[in-house]
Every structure is written in C-alpha cells, then in structure tokens.
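Asks: Quick one: the structure is below, questions incoming.
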Amino acid sequence: MVALSRGDGDVVARGLLVDEVDLDRLSRHYAAMSTIIEFYVAPDDEAAATVVEHGPAGIFESLSCGNFDVEEALMEWEGIFTGRRFEELVAAGEPRVVADPDDGEGPLILVVSGPLQDALAAADPLRLAEVGALWVRERAAEGEEFDLEMATELLGDLARLARAADEHAGCLYCWSA
C-alpha cells in the first residue's frame with residue numbers, strides 16, 4: 001500500500017482518507033500517524049526483530065499500508081473483535097513492543113496479539129465488513145474519515161496474512177517507521 005499526501009493536510013493511503021491529522025495526540029511512540037506500516041509474518045520475536053532498521057519487504061511475507069496510528073488501530077480492532085476494552089488492552093501492554101532501538105524515535109516492531117491474530121484468521125468476509133464498519137465509525141467519532149471499502153479490504157488482507165501466519169506456525173508482526 002502506498003501512502004500519499006495531497007499537500008492540503010489530507011492524507012490518502014490505499015483509499016483511506018484522513019481529513020484532520022491531530023499531530024498533538026501522541027501514541028506511545030509516534031505522533032498519530034506512522035509514515036509506513038508493514039504487517040508481516042515471522043516465526044518468532046527474534047526473527048521479527050532482525051528487520052527493525054529497514055523493514056520486512058523482500059524478507060518476510062508482508063502487507064504495506066500507511067498513515068494511521070497503528071498502535072491505536074491494533075487495540076481498536078482487538079476491542080471490536082474480542083470485546084476487550086481499550087483501557088484493558090493498554091493496561092495489558094498491548095500491542096507488545098518487539099523492537100524499538102531508538103526509543104520511539106525511529107522504526108518500531110510490534111507483535112499482533114494472539115487473540116487478534118486468531119480473530120483475523122477466523123473472520124469471514126461478513127465479519128471483516130462488520131469490523132471495518134465499526135472501526136470507521138470509531139475513527140469518525142475522533143474526526144478521522146476512512147473509506148469503508150478500503151478499511152474492509154485492509155482487514156481482509158490482514159486476515160489472509162494472519163491465516164498465513166497460522167499455517168506457518170508464526171506470528172503476525174507490524175513494522176512502522
């Protein structure tokens with residue numbers, strides 16, 4: 001997925017449009033937006049961490065996307081799929097950091113939680129569309145606009161990657177920079 005800035009403050013990423021970018025709202029490591037996000041399958045944390053400097057493209061099976069707060073999205077998706085509250089996920093340390101060599105100033109690797117990976121892998125197209133609609137609604141409540149079709153497509157791509165992780169006894173990771 002390629003992320004594009006329209007030059008007017010709006011950001012488009014594979015059809016996901018974010019009208020208002022609130023750069024004052026900080027996540028644990030980055031401002032609200034990551035430049036590049038790549039989800040990928042790796043056999044374990046040690047192998048996943050080897051790509052922290054340059055990303056997983058060409059090394060691991062991966063999916064590229066961009067320009068949304070990936071930590072927040074992972075927690076929102078898990079909350080929608082599993083019913084766990086956002087605060088509960090934060091208290092549990094989700095999503096777990098696998099590699100952060102620059103202490104939040106550079107590339108970061110997160111592991112997708114087991115419950116979220118399982119939910120993605122098991123989701124059928126109807127469930128993915130439902131989760132996509134709920135996520136788009138959550139983001140709209142925060143002043144961000146995402147295209148429902150593209151959000152659902154992203155979740156479908158993530159579900160396929162989660163199934164690949166299950167097939168290879170691996171885990172689903174996220175690299176962002």
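Lettering and numbering for the structure tokens are positional, with chains as A, B, ... in the shown order, residues counted from 1 in each chain, and ligands counted from 1 in the shown order.
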List every residue of range 66-134 of chain A that DSSP, applied to the backbone, labels as strand (DSSP E or B), and write the result as a ChimeraX atom specification.

Replies: /A:96-99,108-111

Asks: Report as a list of chain:residue names all protein, DNA and RNA residues lying within 7 Å of Ile37 in chain A, evaluated on only C-alpha atoms, omitting residues in the same chain fewer than 3 positions from it.

Replies: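 Listed by chain and then number, they are A:Ser34, A:Ser64, A:Cys65, A:Gly66, A:Cys174, A:Trp175, A:Ser176, A:Ala177.
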
Asks: Which one is closest to Trp77 in chain A: A:Ala119, A:Ala99, A:Leu108, A:Ile59? Count only C-alpha atoms.

Replies: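 With only C-alpha atoms as the atom set, the closest residue is A:Ala119.
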
Asks: Between range 22-112 of chain A and range 131-137 of chain A, at 12 Å or less, what are the per-residue closest atom pairs and their distances in Å? Count only C-alpha atoms, order by chain and rising residue number, and return it as a tab-separated table.

Replies:
```
residue	atom	partner	partner_atom	distance
A:Glu72	CA	A:Trp135	CA	10.8
A:Ala73	CA	A:Trp135	CA	8.3
A:Leu74	CA	A:Trp135	CA	10.5
A:Met75	CA	A:Trp135	CA	10.6
A:Glu76	CA	A:Trp135	CA	7.0
A:Trp77	CA	A:Trp135	CA	7.0
A:Glu78	CA	A:Val131	CA	9.7
A:Gly79	CA	A:Trp135	CA	9.8
A:Ile80	CA	A:Val131	CA	6.4
A:Phe81	CA	A:Val131	CA	7.0
A:Thr82	CA	A:Val131	CA	10.7
A:Gly83	CA	A:Val131	CA	11.5
```

Asks: Could you check the closest approach to Leu158 in chain A for each of A:Glu53, A:Asp118, A:Glu105, A:Asp69 and tell me which residue wins, using only C-alpha atoms?

Replies: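 Nearest candidate to Leu158 in chain A out of A:Glu53, A:Asp118, A:Glu105, A:Asp69: A:Asp118.
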